[in-house]
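Novice: Sending over a structure as structure tokens; questions will come in a sec.
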Amino acid sequence: MPVIKTRSRQKDAIAGGSMEAAAELGVLFGCFKGVCGKCATTVLSGLNNLSTPTEEETAMDLEPARRLMCQCTINKGTVKLELD
């Protein structure tokens, strides 16, 4: 079962499921469409466990380790986010 972690907390996730579960760990969401950028979060480890960046993420020209949580899914393993 995939896991979403911060430095102090973690949440089990569903393989292939949305990263919107990260809201329970403190990720702030806005539009859920990849437009506002509010959910842009730095991934400390496990970037390869997420889906490939969407067109919306590419258009936002984010740093390589930053992802829009509303646009990606967690496929496997552990993804550690920089939140606390």
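Chain labels run A, B, ... following the order of the structure tokens; each chain numbers its residues from 1, and ligands are numbered from 1 in the order shown.
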Taking the DSSP secondary structure from the backbone, can you list the residues of chain A that are strand (DSSP E), as a list in words?
Specialist: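 Of chain A, the ones in strand (DSSP E) are Val3, Ile4, Lys5, Gln10, Lys11, Asp12, Gly17, Ser18, Ala40, Thr41, Thr42, Val43, Leu44, Ser45, Arg66, Arg67, Leu68, Thr73, Ile74, Thr78, Val79, Lys80 and Leu81 of chain A.
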Novice: Give me the residues within 7 Å of Leu81 of chain A as a PyMOL selection string, counting only C-alpha atoms and dropping any in the same chain fewer than 6 places off.
Specialist: chain A and resi 5-6+41-44
Novice: How would you write, as a ChimeraX atom specification, the set of residues in chain A that DSSP gives as alpha helix (DSSP H)?
Specialist: /A:55-60
Novice: Emit the selected residues as a PDB file, in the first residue's frame, including C-alpha atoms.
Specialist:
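And here is the file that came out, result.pdb:
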ATOM      1  CA  GLU A  55       0.344  19.302 -19.212  1.00  0.00           C
ATOM      2  CA  GLU A  56      -0.896  21.673 -16.499  1.00  0.00           C
ATOM      3  CA  GLU A  57       2.197  21.032 -14.391  1.00  0.00           C
ATOM      4  CA  THR A  58       4.520  21.409 -17.354  1.00  0.00           C
ATOM      5  CA  ALA A  59       2.848  24.699 -18.317  1.00  0.00           C
ATOM      6  CA  MET A  60       3.390  26.006 -14.772  1.00  0.00           C
TER       7      MET A  60
END
Novice: Which residues come within 9 Å of Lys38 of chain A, counting only C-alpha atoms, excluding same-chain residues fewer than 5 positions away, as a PyMOL selection string?
Specialist: chain A and resi 27-31+68
Novice: Enter the distance from atom CA of Pro2 of chain A to atom CA of Glu24 of chain A, in Å, rounded to one decimal.
Specialist: 15.3 Å
Novice: In Å, rounded to a single decimal, give me how far atom CA of Gln71 of chain A is from atom CA of Pro53 of chain A.
Specialist: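 Atom CA of Gln71 of chain A lies 7.7 Å from atom CA of Pro53 of chain A.
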Novice: Write out as JSON, numbers by chain each polymer residue whose atoms come within 9 Å of Phe32 of chain A, counting only C-alpha atoms; drop sequence neighbours fewer than 4 positions from it.
Specialist: {"A": [20, 36, 39, 69, 70, 71]}
Novice: For the residues selected in the previous step, produce a file with C-alpha atoms as a short mmCIF file (atom, residue, chain, number, x, y, z; two decimals), in the first residue's frame.
Specialist:
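What landed in result08.cif:
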data_model
loop_
_atom_site.label_atom_id
_atom_site.label_comp_id
_atom_site.auth_asym_id
_atom_site.auth_seq_id
_atom_site.Cartn_x
_atom_site.Cartn_y
_atom_site.Cartn_z
CA GLU A 20 -5.69 14.78 -2.62
CA CYS A 36 -3.99 28.11 -9.35
CA CYS A 39 -1.16 22.75 -4.02
CA MET A 69 -0.84 17.51 -5.73
CA CYS A 70 -4.20 17.89 -7.50
CA GLN A 71 -2.69 16.63 -10.74
#
Novice: Identify which of the residues A:Ile74, A:Leu50, A:Ala65, A:Leu83 lies closest to Asp12 of chain A, counting only C-alpha atoms when measuring atom-to-atom distances.
Specialist: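 Once distances to Asp12 of chain A are computed over only C-alpha atoms, the minimum belongs to A:Ile74.
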Novice: Can you tell me which residues surround Asn75 of chain A at a distance of at most 6 Å, considering only C-alpha atoms, apart from same-chain residues fewer than 2 positions away, and format the answer as an NGL selection string?
Specialist: :A and (15-16 or 49-50)
Novice: Taking only C-alpha atoms into account, name the residue in A:Thr73, A:Ile14, A:Ala21, A:Leu62 that is nearest to Met1 of chain A.
Specialist: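 That would be A:Ile14, the residue with the smallest distance to Met1 of chain A.
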Novice: Can you work out the spacing between atom CA of Gln10 of chain A and atom CA of Thr54 of chain A in Å, to one decimal?
Specialist: 24.9 Å
Novice: Between A:Ala23, A:Val3, A:Cys72, A:Val35, which residue has the minimum interatomic distance to Thr52 of chain A, considering only C-alpha atoms?
Specialist: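 Of A:Ala23, A:Val3, A:Cys72, A:Val35, the one nearest Thr52 of chain A, counting only C-alpha atoms, is A:Cys72.
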Novice: For a quick check of understanding, using only C-alpha atoms, which of A:Gly17, A:Gly26, A:Arg66, A:Asp61 has the smallest distance to Ala40 of chain A?
Specialist: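 The closest residue to Ala40 of chain A is A:Arg66.
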Novice: Which one of A:Ile4, A:Lys80, A:Lys33, A:Glu63 sits closest to Met19 of chain A if you count only C-alpha atoms?
Specialist: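 Residue with the minimum atom-to-atom distance to Met19 of chain A: A:Ile4.
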